[in-house]
Each structure stands twice: as structure tokens, then as C-alpha cells.
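See below for query-v7.cif, which holds mmCIF, N, CA and C atoms and all ligand atoms.
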data_data
loop_
_atom_site.label_atom_id
_atom_site.label_comp_id
_atom_site.auth_asym_id
_atom_site.auth_seq_id
_atom_site.Cartn_x
_atom_site.Cartn_y
_atom_site.Cartn_z
N MET J 1 36.74 -105.67 72.07
CA MET J 1 36.78 -104.79 70.90
C MET J 1 36.52 -103.36 71.32
N THR J 2 37.30 -102.83 72.26
CA THR J 2 37.02 -101.48 72.75
C THR J 2 37.11 -100.42 71.66
N HIS J 3 38.04 -100.63 70.71
CA HIS J 3 38.21 -99.55 69.72
C HIS J 3 36.95 -99.36 68.87
N ALA J 4 36.06 -100.30 68.80
CA ALA J 4 34.83 -100.14 68.02
C ALA J 4 33.94 -99.06 68.62
N LEU J 5 34.15 -98.73 69.89
CA LEU J 5 33.32 -97.70 70.53
C LEU J 5 33.79 -96.29 70.18
N HIS J 6 35.00 -96.19 69.67
CA HIS J 6 35.50 -94.86 69.34
C HIS J 6 34.70 -94.22 68.21
N ALA J 7 34.27 -93.01 68.41
CA ALA J 7 33.54 -92.30 67.35
C ALA J 7 34.50 -92.01 66.21
N ARG J 8 34.01 -92.13 65.02
CA ARG J 8 34.87 -91.77 63.89
C ARG J 8 35.02 -90.26 63.85
N PRO J 9 36.27 -89.77 63.68
CA PRO J 9 36.42 -88.30 63.62
C PRO J 9 35.66 -87.73 62.42
N MET J 10 35.07 -86.59 62.64
CA MET J 10 34.30 -85.94 61.58
C MET J 10 35.28 -85.44 60.51
N PRO J 11 35.00 -85.63 59.25
CA PRO J 11 35.89 -85.07 58.23
C PRO J 11 36.04 -83.56 58.43
N VAL J 12 37.24 -83.07 58.22
CA VAL J 12 37.54 -81.66 58.49
C VAL J 12 36.60 -80.72 57.74
N GLY J 13 36.30 -81.02 56.51
CA GLY J 13 35.45 -80.15 55.70
C GLY J 13 34.09 -79.92 56.33
N ILE J 14 33.49 -81.00 56.82
CA ILE J 14 32.16 -80.88 57.42
C ILE J 14 32.22 -80.09 58.73
N ALA J 15 33.28 -80.35 59.51
CA ALA J 15 33.44 -79.62 60.77
C ALA J 15 33.54 -78.12 60.48
N ALA J 16 34.31 -77.76 59.46
CA ALA J 16 34.48 -76.34 59.12
C ALA J 16 33.15 -75.74 58.69
N LEU J 17 32.40 -76.51 57.92
CA LEU J 17 31.11 -76.02 57.44
C LEU J 17 30.16 -75.78 58.61
N LEU J 18 30.12 -76.76 59.54
CA LEU J 18 29.25 -76.60 60.71
C LEU J 18 29.65 -75.37 61.50
N PHE J 19 30.96 -75.17 61.61
CA PHE J 19 31.45 -74.02 62.35
C PHE J 19 30.97 -72.72 61.70
N LEU J 20 31.06 -72.67 60.38
CA LEU J 20 30.63 -71.46 59.67
C LEU J 20 29.14 -71.22 59.87
N LEU J 21 28.35 -72.31 59.86
CA LEU J 21 26.91 -72.16 60.01
C LEU J 21 26.55 -71.63 61.40
N LEU J 22 27.43 -71.93 62.36
CA LEU J 22 27.15 -71.48 63.73
C LEU J 22 27.52 -70.02 63.96
N LEU J 23 28.33 -69.46 63.07
CA LEU J 23 28.71 -68.06 63.25
C LEU J 23 27.49 -67.17 63.05
N PRO J 24 27.32 -66.18 63.88
CA PRO J 24 26.18 -65.29 63.68
C PRO J 24 26.34 -64.53 62.37
N LEU J 25 25.25 -64.16 61.73
CA LEU J 25 25.33 -63.36 60.52
C LEU J 25 25.92 -62.00 60.89
N PRO J 26 26.75 -61.47 60.03
CA PRO J 26 27.31 -60.14 60.35
C PRO J 26 26.19 -59.10 60.35
N VAL J 27 26.15 -58.33 61.40
CA VAL J 27 25.17 -57.25 61.47
C VAL J 27 25.94 -55.95 61.29
N VAL J 28 25.58 -55.19 60.29
CA VAL J 28 26.29 -53.95 60.02
C VAL J 28 25.59 -52.83 60.78
N THR J 29 26.29 -52.23 61.72
CA THR J 29 25.69 -51.12 62.44
C THR J 29 25.86 -49.85 61.60
N PRO J 30 25.00 -48.86 61.81
CA PRO J 30 25.13 -47.62 61.02
C PRO J 30 26.53 -47.02 61.09
N SER J 31 27.14 -46.99 62.27
CA SER J 31 28.47 -46.39 62.37
C SER J 31 29.51 -47.17 61.59
N GLN J 32 29.39 -48.50 61.62
CA GLN J 32 30.33 -49.32 60.85
C GLN J 32 30.16 -49.06 59.36
N ALA J 33 28.91 -48.98 58.93
CA ALA J 33 28.65 -48.72 57.51
C ALA J 33 29.18 -47.35 57.14
N ALA J 34 29.00 -46.37 58.03
CA ALA J 34 29.47 -45.01 57.74
C ALA J 34 30.99 -44.99 57.67
N ALA J 35 31.62 -45.71 58.62
CA ALA J 35 33.08 -45.75 58.64
C ALA J 35 33.59 -46.35 57.34
N ALA J 36 32.84 -47.30 56.81
CA ALA J 36 33.25 -47.94 55.57
C ALA J 36 32.83 -47.11 54.36
N GLY J 37 32.20 -45.97 54.60
CA GLY J 37 31.79 -45.11 53.50
C GLY J 37 30.64 -45.69 52.71
N ASP J 38 29.88 -46.57 53.34
CA ASP J 38 28.85 -47.29 52.61
C ASP J 38 27.49 -46.59 52.71
N GLY J 39 27.37 -45.50 51.98
CA GLY J 39 26.14 -44.74 52.00
C GLY J 39 24.94 -45.52 51.48
N GLU J 40 25.21 -46.45 50.59
CA GLU J 40 24.10 -47.21 50.02
C GLU J 40 23.43 -48.08 51.08
N THR J 41 24.26 -48.75 51.90
CA THR J 41 23.71 -49.57 52.98
C THR J 41 22.95 -48.69 53.96
N LEU J 42 23.54 -47.55 54.30
CA LEU J 42 22.88 -46.65 55.23
C LEU J 42 21.54 -46.20 54.67
N PHE J 43 21.53 -45.82 53.41
CA PHE J 43 20.29 -45.36 52.80
C PHE J 43 19.25 -46.48 52.84
N ARG J 44 19.68 -47.67 52.46
CA ARG J 44 18.74 -48.80 52.43
C ARG J 44 18.16 -49.04 53.83
N GLN J 45 19.04 -49.00 54.83
CA GLN J 45 18.58 -49.29 56.20
C GLN J 45 17.70 -48.18 56.77
N GLN J 46 18.05 -46.92 56.48
CA GLN J 46 17.42 -45.83 57.22
C GLN J 46 16.38 -45.06 56.43
N CYS J 47 16.42 -45.15 55.13
CA CYS J 47 15.52 -44.34 54.31
C CYS J 47 14.72 -45.19 53.31
N GLY J 48 15.28 -46.33 52.93
CA GLY J 48 14.75 -47.10 51.81
C GLY J 48 13.34 -47.63 52.00
N THR J 49 12.91 -47.80 53.23
CA THR J 49 11.53 -48.26 53.46
C THR J 49 10.55 -47.21 52.94
N CYS J 50 10.90 -45.96 53.04
CA CYS J 50 9.97 -44.88 52.71
C CYS J 50 10.33 -44.13 51.43
N HIS J 51 11.56 -44.28 50.95
CA HIS J 51 11.99 -43.48 49.79
C HIS J 51 12.65 -44.33 48.71
N THR J 52 12.37 -44.01 47.47
CA THR J 52 13.11 -44.57 46.34
C THR J 52 14.07 -43.50 45.82
N VAL J 53 15.09 -43.92 45.05
CA VAL J 53 16.03 -42.94 44.48
C VAL J 53 16.16 -43.05 42.96
N LYS J 54 15.68 -44.16 42.40
CA LYS J 54 15.89 -44.32 40.94
C LYS J 54 14.79 -43.65 40.15
N LYS J 55 15.17 -43.22 38.97
CA LYS J 55 14.22 -42.61 38.04
C LYS J 55 13.03 -43.55 37.86
N ASP J 56 11.86 -42.99 37.80
CA ASP J 56 10.62 -43.73 37.55
C ASP J 56 10.18 -44.65 38.70
N GLU J 57 10.93 -44.65 39.81
CA GLU J 57 10.42 -45.35 40.98
C GLU J 57 9.56 -44.33 41.73
N GLY J 58 8.39 -44.73 42.14
CA GLY J 58 7.47 -43.75 42.68
C GLY J 58 7.62 -43.50 44.17
N ALA J 59 6.59 -42.89 44.73
CA ALA J 59 6.56 -42.60 46.15
C ALA J 59 6.32 -43.87 46.94
N ARG J 60 6.85 -43.94 48.13
CA ARG J 60 6.45 -44.94 49.11
C ARG J 60 5.73 -44.14 50.18
N ALA J 61 6.08 -44.35 51.46
CA ALA J 61 5.47 -43.50 52.49
C ALA J 61 5.98 -42.06 52.33
N GLY J 62 7.17 -41.91 51.73
CA GLY J 62 7.74 -40.60 51.48
C GLY J 62 7.88 -40.35 49.99
N PRO J 63 8.13 -39.10 49.59
CA PRO J 63 8.24 -38.75 48.17
C PRO J 63 9.47 -39.40 47.53
N PRO J 64 9.45 -39.62 46.21
CA PRO J 64 10.62 -40.16 45.53
C PRO J 64 11.78 -39.16 45.61
N LEU J 65 12.99 -39.65 45.84
CA LEU J 65 14.13 -38.75 46.01
C LEU J 65 14.99 -38.64 44.75
N TYR J 66 14.58 -39.27 43.67
CA TYR J 66 15.33 -39.10 42.42
C TYR J 66 15.35 -37.60 42.08
N GLY J 67 16.54 -37.05 41.90
CA GLY J 67 16.67 -35.64 41.53
C GLY J 67 16.42 -34.67 42.68
N VAL J 68 16.45 -35.17 43.93
CA VAL J 68 16.09 -34.27 45.04
C VAL J 68 17.09 -33.12 45.20
N LEU J 69 18.38 -33.38 44.93
CA LEU J 69 19.35 -32.30 45.05
C LEU J 69 19.13 -31.33 43.89
N GLY J 70 18.85 -30.09 44.23
CA GLY J 70 18.53 -29.11 43.21
C GLY J 70 17.03 -28.98 42.96
N ARG J 71 16.23 -29.77 43.66
CA ARG J 71 14.78 -29.68 43.50
C ARG J 71 14.22 -28.81 44.62
N LYS J 72 13.19 -28.06 44.30
CA LYS J 72 12.55 -27.25 45.32
C LYS J 72 11.83 -28.18 46.31
N ALA J 73 11.95 -27.88 47.59
CA ALA J 73 11.33 -28.72 48.61
C ALA J 73 9.83 -28.84 48.39
N GLY J 74 9.31 -30.03 48.63
CA GLY J 74 7.86 -30.23 48.59
C GLY J 74 7.24 -30.18 47.21
N THR J 75 7.98 -30.56 46.17
CA THR J 75 7.43 -30.42 44.82
C THR J 75 7.47 -31.68 43.95
N ALA J 76 7.76 -32.86 44.53
CA ALA J 76 7.69 -34.07 43.69
C ALA J 76 6.23 -34.28 43.29
N ALA J 77 6.04 -34.71 42.04
CA ALA J 77 4.67 -34.90 41.55
C ALA J 77 3.99 -36.02 42.34
N ASP J 78 2.70 -35.93 42.46
CA ASP J 78 1.90 -37.00 43.07
C ASP J 78 2.29 -37.32 44.50
N PHE J 79 2.70 -36.36 45.26
CA PHE J 79 2.90 -36.63 46.68
C PHE J 79 2.22 -35.57 47.51
N GLU J 80 1.48 -36.01 48.51
CA GLU J 80 0.76 -35.09 49.41
C GLU J 80 1.67 -34.67 50.54
N TYR J 81 2.33 -33.55 50.37
CA TYR J 81 3.25 -33.06 51.40
C TYR J 81 2.50 -32.36 52.52
N SER J 82 3.19 -32.25 53.64
CA SER J 82 2.70 -31.40 54.73
C SER J 82 2.79 -29.94 54.27
N ASP J 83 2.03 -29.08 54.91
CA ASP J 83 2.15 -27.64 54.62
C ASP J 83 3.57 -27.17 54.89
N ALA J 84 4.17 -27.72 55.96
CA ALA J 84 5.52 -27.29 56.34
C ALA J 84 6.50 -27.49 55.18
N LEU J 85 6.43 -28.63 54.54
CA LEU J 85 7.38 -28.88 53.46
C LEU J 85 6.97 -28.15 52.18
N ARG J 86 5.67 -28.11 51.92
CA ARG J 86 5.19 -27.44 50.70
C ARG J 86 5.53 -25.96 50.72
N ARG J 87 5.50 -25.37 51.91
CA ARG J 87 5.76 -23.92 52.00
C ARG J 87 7.20 -23.59 52.34
N ALA J 88 8.06 -24.61 52.40
CA ALA J 88 9.43 -24.38 52.87
C ALA J 88 10.18 -23.37 51.98
N GLY J 89 9.99 -23.48 50.67
CA GLY J 89 10.52 -22.45 49.77
C GLY J 89 11.98 -22.57 49.40
N PHE J 90 12.72 -23.48 49.99
CA PHE J 90 14.15 -23.59 49.61
C PHE J 90 14.34 -24.72 48.61
N THR J 91 15.55 -24.78 48.09
CA THR J 91 15.94 -25.86 47.17
C THR J 91 16.89 -26.78 47.92
N TRP J 92 16.67 -28.09 47.78
CA TRP J 92 17.50 -29.05 48.51
C TRP J 92 18.95 -29.03 48.04
N ASP J 93 19.84 -28.85 49.01
CA ASP J 93 21.27 -29.02 48.76
C ASP J 93 21.85 -29.73 49.99
N ALA J 94 23.15 -29.97 49.98
CA ALA J 94 23.75 -30.75 51.07
C ALA J 94 23.50 -30.08 52.43
N GLY J 95 23.57 -28.75 52.48
CA GLY J 95 23.38 -28.05 53.75
C GLY J 95 21.97 -28.23 54.31
N HIS J 96 20.95 -28.14 53.43
CA HIS J 96 19.59 -28.35 53.90
C HIS J 96 19.36 -29.80 54.30
N LEU J 97 19.94 -30.74 53.55
CA LEU J 97 19.80 -32.15 53.92
C LEU J 97 20.42 -32.41 55.28
N GLU J 98 21.57 -31.79 55.50
CA GLU J 98 22.28 -31.93 56.78
C GLU J 98 21.36 -31.52 57.94
N ARG J 99 20.70 -30.41 57.81
CA ARG J 99 19.82 -29.94 58.90
C ARG J 99 18.58 -30.83 59.02
N TRP J 100 18.03 -31.22 57.90
CA TRP J 100 16.83 -32.08 57.87
C TRP J 100 17.09 -33.42 58.55
N LEU J 101 18.27 -34.01 58.23
CA LEU J 101 18.56 -35.34 58.78
C LEU J 101 19.04 -35.27 60.23
N THR J 102 19.54 -34.12 60.64
CA THR J 102 19.94 -33.99 62.05
C THR J 102 18.70 -34.07 62.93
N ASN J 103 17.66 -33.35 62.53
CA ASN J 103 16.40 -33.40 63.28
C ASN J 103 15.31 -32.78 62.42
N SER J 104 14.59 -33.62 61.71
CA SER J 104 13.65 -33.11 60.70
C SER J 104 12.57 -32.22 61.31
N ASN J 105 12.12 -32.57 62.51
CA ASN J 105 11.04 -31.77 63.08
C ASN J 105 11.48 -30.48 63.75
N ASP J 106 12.75 -30.41 64.12
CA ASP J 106 13.29 -29.13 64.58
C ASP J 106 13.44 -28.20 63.39
N PHE J 107 13.91 -28.78 62.29
CA PHE J 107 14.19 -27.98 61.10
C PHE J 107 12.88 -27.48 60.48
N LEU J 108 11.92 -28.37 60.29
CA LEU J 108 10.63 -27.98 59.72
C LEU J 108 9.51 -28.52 60.60
N PRO J 109 9.15 -27.77 61.63
CA PRO J 109 8.11 -28.23 62.55
C PRO J 109 6.82 -28.51 61.78
N GLY J 110 6.16 -29.61 62.11
CA GLY J 110 4.90 -29.94 61.45
C GLY J 110 5.09 -30.79 60.21
N SER J 111 6.35 -31.11 59.87
CA SER J 111 6.55 -31.98 58.71
C SER J 111 6.20 -33.42 59.09
N TYR J 112 5.91 -34.21 58.07
CA TYR J 112 5.45 -35.58 58.33
C TYR J 112 6.57 -36.57 58.55
N MET J 113 7.78 -36.21 58.24
CA MET J 113 8.88 -37.15 58.44
C MET J 113 9.52 -36.86 59.79
N ASN J 114 9.74 -37.91 60.52
CA ASN J 114 10.28 -37.73 61.86
C ASN J 114 11.59 -38.47 61.95
N TYR J 115 12.67 -37.80 61.70
CA TYR J 115 13.97 -38.47 61.66
C TYR J 115 15.01 -37.62 62.37
N ARG J 116 15.88 -38.30 63.10
CA ARG J 116 16.97 -37.66 63.83
C ARG J 116 18.20 -38.51 63.69
N GLN J 117 19.30 -37.89 63.34
CA GLN J 117 20.55 -38.65 63.27
C GLN J 117 21.67 -37.80 63.84
N GLU J 118 22.16 -38.23 64.99
CA GLU J 118 23.20 -37.45 65.65
C GLU J 118 24.59 -37.74 65.12
N ASP J 119 24.74 -38.88 64.47
CA ASP J 119 26.07 -39.30 64.01
C ASP J 119 26.42 -38.61 62.69
N ASP J 120 27.39 -37.68 62.76
CA ASP J 120 27.78 -36.90 61.57
C ASP J 120 28.15 -37.81 60.40
N ALA J 121 28.89 -38.86 60.72
CA ALA J 121 29.39 -39.73 59.65
C ALA J 121 28.24 -40.43 58.93
N VAL J 122 27.21 -40.79 59.70
CA VAL J 122 26.06 -41.46 59.09
C VAL J 122 25.32 -40.49 58.17
N ARG J 123 25.06 -39.28 58.68
CA ARG J 123 24.36 -38.28 57.84
C ARG J 123 25.14 -38.01 56.57
N GLN J 124 26.46 -37.80 56.74
CA GLN J 124 27.26 -37.45 55.57
C GLN J 124 27.34 -38.61 54.58
N GLY J 125 27.37 -39.83 55.09
CA GLY J 125 27.38 -40.99 54.19
C GLY J 125 26.11 -41.04 53.36
N ILE J 126 24.98 -40.75 54.01
CA ILE J 126 23.70 -40.78 53.30
C ILE J 126 23.63 -39.63 52.28
N ILE J 127 24.11 -38.45 52.67
CA ILE J 127 24.07 -37.31 51.76
C ILE J 127 24.96 -37.57 50.54
N ARG J 128 26.14 -38.13 50.80
CA ARG J 128 27.02 -38.47 49.66
C ARG J 128 26.34 -39.47 48.73
N PHE J 129 25.67 -40.44 49.33
CA PHE J 129 24.96 -41.42 48.50
C PHE J 129 23.92 -40.72 47.62
N LEU J 130 23.18 -39.79 48.22
CA LEU J 130 22.16 -39.08 47.43
C LEU J 130 22.81 -38.23 46.34
N GLN J 131 23.94 -37.59 46.68
CA GLN J 131 24.61 -36.75 45.68
C GLN J 131 25.03 -37.57 44.46
N SER J 132 25.46 -38.82 44.71
CA SER J 132 25.91 -39.57 43.53
C SER J 132 24.86 -40.52 42.96
N ASN J 133 23.78 -40.75 43.69
CA ASN J 133 22.80 -41.72 43.17
C ASN J 133 21.40 -41.19 42.94
N ALA J 134 21.11 -40.01 43.47
CA ALA J 134 19.75 -39.50 43.27
C ALA J 134 19.78 -38.31 42.31
N ALA J 135 20.97 -38.08 41.71
CA ALA J 135 21.10 -36.92 40.82
C ALA J 135 20.43 -37.20 39.48
N LYS J 136 19.89 -36.16 38.89
CA LYS J 136 19.25 -36.31 37.57
C LYS J 136 20.31 -36.48 36.50
C1 LIG T 201 9.02 -43.60 57.97
C2 LIG T 201 9.17 -43.07 56.65
C3 LIG T 201 10.38 -42.23 56.31
C4 LIG T 201 11.71 -42.50 56.52
C5 LIG T 201 12.32 -43.70 57.23
C6 LIG T 201 12.44 -41.42 55.93
N1 LIG T 201 11.58 -40.52 55.37
FE1 LIG T 201 12.09 -38.85 54.30
N2 LIG T 201 10.14 -38.36 54.13
C7 LIG T 201 9.07 -39.09 54.61
C8 LIG T 201 7.85 -38.35 54.43
C9 LIG T 201 6.44 -38.80 54.83
C10 LIG T 201 8.21 -37.14 53.80
C11 LIG T 201 7.28 -35.97 53.45
C12 LIG T 201 7.33 -35.03 54.66
C13 LIG T 201 6.30 -33.91 54.63
O1 LIG T 201 5.52 -33.78 53.67
O2 LIG T 201 6.30 -33.14 55.60
C14 LIG T 201 9.65 -37.19 53.62
C15 LIG T 201 10.39 -36.18 53.00
C16 LIG T 201 11.74 -36.24 52.74
C17 LIG T 201 12.48 -35.27 51.98
C18 LIG T 201 11.92 -34.02 51.30
C19 LIG T 201 11.72 -34.35 49.81
C20 LIG T 201 11.05 -33.27 49.01
O3 LIG T 201 10.56 -33.63 47.92
O4 LIG T 201 11.00 -32.11 49.42
C21 LIG T 201 13.78 -35.68 51.97
C22 LIG T 201 14.95 -34.98 51.31
C23 LIG T 201 13.83 -36.90 52.72
N3 LIG T 201 12.59 -37.22 53.18
C24 LIG T 201 14.99 -37.64 52.93
C25 LIG T 201 15.05 -38.78 53.75
C26 LIG T 201 16.28 -39.49 54.01
C27 LIG T 201 17.64 -39.16 53.41
C28 LIG T 201 15.97 -40.50 54.88
C29 LIG T 201 16.89 -41.47 55.56
C30 LIG T 201 17.93 -40.91 56.37
C31 LIG T 201 14.52 -40.43 55.12
N4 LIG T 201 14.03 -39.38 54.41
C32 LIG T 201 13.82 -41.32 55.92
C33 LIG T 201 9.15 -40.34 55.19
C34 LIG T 201 10.31 -40.98 55.59
#

Spell out the structure here as C-alpha cells.
Amino acid sequence: MTHALHARPMPVGIAALLFLLLLPLPVVTPSQAAAAGDGETLFRQQCGTCHTVKKDEGARAGPPLYGVLGRKAGTAADFEYSDALRRAGFTWDAGHLERWLTNSNDFLPGSYMNYRQEDDAVRQGIIRFLQSNAAK
């Protein structure tokens, strides 16, 4: 009875399912997200630990960014800013965000946020996200 030793073929559905489970989870790199224009993913990955953007969401490690475009630097309520940011004196717009995100400590030495992003597409994706999602 040699044929009794033959393993029964696995049903195709289960084989396909196992195959899918073995595939690594897709990891979205910042450049891929930027290329896809996905500012929300970029913001979540790079800023979301420290910043909120929705109305009535408060400070985390960083000040709330709701309404940041058009807001004077260093003036969100209930946040203890560095002197550097409190005395900066400008109003946030895309150009200031661009410089801040390129190298925050070069732009405002002594500030508490330490962020550098050399990839233009990533910075611009995040700024676009703020323009459409953090606006009052
Ligand atoms: C590890 C925490 C952390 C991360 C990550 C972070 N920030 Fe910040 N951010 C801060 C802190 C702290 C301050 C306050 C800096 C100060 O007072 O000098 C700040 C300040 C700011 C301000 C000034 C706001 C104001 O009210 O003047 C902006 C704009 C900002 N961050 C944007 C971003 C963006 C966009 C990202 C993501 C690309 C980001 N930050 C990532 C901690 C962080």
C-alpha cells in the first residue's frame, strides 16, 4: 500500500494563506511615504510622538500644533518653551517650517527640539500635511 504514504496535498486556500502570513509586513520608509504624498504617515512617524494637530488635543513632549501656521512662534498656551523659541519673534509659515525642519538647532540654537531632515520631499510632505490639517 505505498500510496498510503503519500501526503495529502494541502488545499490551495490554506497554502495561499500561509504564504501571505509569511510575507513581511510592509514597512513604509519616509522617502516612500513622501513619494506617495503621504504627509499624514510622515507626520505620524516623525512628529506624532511629541505633537498633536487636532483642536483641543494638548501638548505632548512638544507644543500642540493645531493652528501653528499663522501663529507666533513660542506662544501655544500651557507650554514651557525654550528662551530661543519664546524670543524668536516670527510667525510660523511654510518658509520658517522649512528651515526649522531642515535643522532645528541650526535655525534656533538652544531650542529644545532637535530635528534634522535632509530629504526635501519628506519636509515638504510634512509641511503640506500641516497646512491642510493643522489650520484653524
Ligand atoms: C522628541 C520630540 C519632538 C519631535 C519628534 C518633534 N518635535 Fe517639534 N517640538 C518639540 C519641542 C520640545 C518643542 C519646543 C521647542 C522649544 O521650546 O525650544 C517643539 C516645537 C515645535 C514647533 C514650534 C511650535 C510653536 O508653538 O512655536 C514646531 C512648528 C514643531 N515643533 C514642529 C515639529 C514637526 C513638524 C515635527 C516632525 C517633523 C516635530 N516637531 C518633531 C518636540 C518634538

Legend entry - Atom pair atom CA of J:Gln45 / atom N of J:Pro109: separation (Å):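 Answer for the atom CA of J:Gln45 to atom N of J:Pro109 separation: 24.1 Å.
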
Legend entry - strand (DSSP E or B) residues, from DSSP on the backbone, in chain J, as a PyMOL selection string: chain J and resi 72+91+103+116

Once you have the residues from the selection above, write them out as a compact mmCIF listing (two decimals), keeping the file's coordinate frame, restricted to N, CA and C atoms.
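Writing the result to selection00.txt gives the following:
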# COMPACT_ATOMS: atom_id res chain seq x y z
N LYS J 72 13.19 -28.06 44.30
CA LYS J 72 12.55 -27.25 45.32
C LYS J 72 11.83 -28.18 46.31
N THR J 91 15.55 -24.78 48.09
CA THR J 91 15.94 -25.86 47.17
C THR J 91 16.89 -26.78 47.92
N ASN J 103 17.66 -33.35 62.53
CA ASN J 103 16.40 -33.40 63.28
C ASN J 103 15.31 -32.78 62.42
N ARG J 116 15.88 -38.30 63.10
CA ARG J 116 16.97 -37.66 63.83
C ARG J 116 18.20 -38.51 63.69

Inset, instruction - Check which residues fall inside 6.5 Å of ligand LIG 201 (chain T) when counting all atoms listed in the file, and print them as number ranges by chain. - result: J: 43, 46-51, 61-65, 68, 72-76, 80-86, 97, 101, 110-115, 126

Atoms kept (N, CA and C atoms) for selection, written as a short mmCIF file (atom, residue, chain, number, x, y, z; two decimals), in the frame of the given file:
data_model
loop_
_atom_site.label_atom_id
_atom_site.label_comp_id
_atom_site.auth_asym_id
_atom_site.auth_seq_id
_atom_site.Cartn_x
_atom_site.Cartn_y
_atom_site.Cartn_z
N PHE J 43 21.53 -45.82 53.41
CA PHE J 43 20.29 -45.36 52.80
C PHE J 43 19.25 -46.48 52.84
N GLN J 46 18.05 -46.92 56.48
CA GLN J 46 17.42 -45.83 57.22
C GLN J 46 16.38 -45.06 56.43
N CYS J 47 16.42 -45.15 55.13
CA CYS J 47 15.52 -44.34 54.31
C CYS J 47 14.72 -45.19 53.31
N GLY J 48 15.28 -46.33 52.93
CA GLY J 48 14.75 -47.10 51.81
C GLY J 48 13.34 -47.63 52.00
N THR J 49 12.91 -47.80 53.23
CA THR J 49 11.53 -48.26 53.46
C THR J 49 10.55 -47.21 52.94
N CYS J 50 10.90 -45.96 53.04
CA CYS J 50 9.97 -44.88 52.71
C CYS J 50 10.33 -44.13 51.43
N HIS J 51 11.56 -44.28 50.95
CA HIS J 51 11.99 -43.48 49.79
C HIS J 51 12.65 -44.33 48.71
N ALA J 61 6.08 -44.35 51.46
CA ALA J 61 5.47 -43.50 52.49
C ALA J 61 5.98 -42.06 52.33
N GLY J 62 7.17 -41.91 51.73
CA GLY J 62 7.74 -40.60 51.48
C GLY J 62 7.88 -40.35 49.99
N PRO J 63 8.13 -39.10 49.59
CA PRO J 63 8.24 -38.75 48.17
C PRO J 63 9.47 -39.40 47.53
N PRO J 64 9.45 -39.62 46.21
CA PRO J 64 10.62 -40.16 45.53
C PRO J 64 11.78 -39.16 45.61
N LEU J 65 12.99 -39.65 45.84
CA LEU J 65 14.13 -38.75 46.01
C LEU J 65 14.99 -38.64 44.75
N VAL J 68 16.45 -35.17 43.93
CA VAL J 68 16.09 -34.27 45.04
C VAL J 68 17.09 -33.12 45.20
N LYS J 72 13.19 -28.06 44.30
CA LYS J 72 12.55 -27.25 45.32
C LYS J 72 11.83 -28.18 46.31
N ALA J 73 11.95 -27.88 47.59
CA ALA J 73 11.33 -28.72 48.61
C ALA J 73 9.83 -28.84 48.39
N GLY J 74 9.31 -30.03 48.63
CA GLY J 74 7.86 -30.23 48.59
C GLY J 74 7.24 -30.18 47.21
N THR J 75 7.98 -30.56 46.17
CA THR J 75 7.43 -30.42 44.82
C THR J 75 7.47 -31.68 43.95
N ALA J 76 7.76 -32.86 44.53
CA ALA J 76 7.69 -34.07 43.69
C ALA J 76 6.23 -34.28 43.29
N GLU J 80 1.48 -36.01 48.51
CA GLU J 80 0.76 -35.09 49.41
C GLU J 80 1.67 -34.67 50.54
N TYR J 81 2.33 -33.55 50.37
CA TYR J 81 3.25 -33.06 51.40
C TYR J 81 2.50 -32.36 52.52
N SER J 82 3.19 -32.25 53.64
CA SER J 82 2.70 -31.40 54.73
C SER J 82 2.79 -29.94 54.27
N ASP J 83 2.03 -29.08 54.91
CA ASP J 83 2.15 -27.64 54.62
C ASP J 83 3.57 -27.17 54.89
N ALA J 84 4.17 -27.72 55.96
CA ALA J 84 5.52 -27.29 56.34
C ALA J 84 6.50 -27.49 55.18
N LEU J 85 6.43 -28.63 54.54
CA LEU J 85 7.38 -28.88 53.46
C LEU J 85 6.97 -28.15 52.18
N ARG J 86 5.67 -28.11 51.92
CA ARG J 86 5.19 -27.44 50.70
C ARG J 86 5.53 -25.96 50.72
N LEU J 97 19.94 -30.74 53.55
CA LEU J 97 19.80 -32.15 53.92
C LEU J 97 20.42 -32.41 55.28
N LEU J 101 18.27 -34.01 58.23
CA LEU J 101 18.56 -35.34 58.78
C LEU J 101 19.04 -35.27 60.23
N GLY J 110 6.16 -29.61 62.11
CA GLY J 110 4.90 -29.94 61.45
C GLY J 110 5.09 -30.79 60.21
N SER J 111 6.35 -31.11 59.87
CA SER J 111 6.55 -31.98 58.71
C SER J 111 6.20 -33.42 59.09
N TYR J 112 5.91 -34.21 58.07
CA TYR J 112 5.45 -35.58 58.33
C TYR J 112 6.57 -36.57 58.55
N MET J 113 7.78 -36.21 58.24
CA MET J 113 8.88 -37.15 58.44
C MET J 113 9.52 -36.86 59.79
N ASN J 114 9.74 -37.91 60.52
CA ASN J 114 10.28 -37.73 61.86
C ASN J 114 11.59 -38.47 61.95
N TYR J 115 12.67 -37.80 61.70
CA TYR J 115 13.97 -38.47 61.66
C TYR J 115 15.01 -37.62 62.37
N ILE J 126 24.98 -40.75 54.01
CA ILE J 126 23.70 -40.78 53.30
C ILE J 126 23.63 -39.63 52.28
#

Inset, instruction - Provide the atom CA of J:Asp93 to atom CA of J:Val28 distance in Å, to one decimal place. - result: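 Going from atom CA of J:Asp93 over to atom CA of J:Val28 covers 27.8 Å.
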
Inset, instruction - Could you please determine the separation between atom CA of J:Gly37 and atom CA of J:Asp106 in Å, to one decimal place? - result: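 About the pair atom CA of J:Gly37 and atom CA of J:Asp106: they are 26.8 Å apart.
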
Inset, instruction - Tell me which protein, DNA and RNA residues are within 8 Å of J:Gln124, counting only N, CA and C atoms, leaving out same-chain ones fewer than 4 positions away, and put them as a list in words. - result: Ala34, Gly37, Gly39, Glu98, Asp119, Asp120, Arg128, Phe129 and Leu130 of chain J

Inset, instruction - For J:Trp92, work out the shell of residues within 6 Å, counting only C-alpha atoms and skipping chain neighbours fewer than 2 positions away, then give it as an NGL selection string. - result: :J and (69-71 or 96)

Legend entry - Pick from J:Gly67, J:Ala59, J:Thr91, J:Ala15 nearest to J:Phe79, counting only N, CA and C atoms: J:Ala59

Inset, instruction - Among the residues of stretch 95-131 of chain J, find those DSSP assigns to helix (DSSP H, G or I) from the backbone and print them as a PyMOL selection string. - result: chain J and resi 95-102+104-107+120-131

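Using only N, CA and C atoms, the shortest contact distance between J:Glu40 and any of J:Gln131, J:Asn105, J:Gly125, J:Asp56 is found at J:Gly125.
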
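Comparing J:Gly58, J:Thr102, J:Asp78, J:Val27 by their smallest distance to J:Arg123, the closest is J:Thr102 (using only N, CA and C atoms).
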
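Between J:Lys54 and the residues J:Ser31, J:Asn103, J:Thr41, J:Asn133, the shortest atom-to-atom distance, using only N, CA and C atoms, involves J:Asn133.
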
Legend entry - Selected residue, from J:Ala77, J:Ile14, J:Ala94, J:Ala121, that lies nearest to J:Ala33 when counting only N, CA and C atoms: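 The shortest atom-to-atom distance to J:Ala33 comes from J:Ala121.
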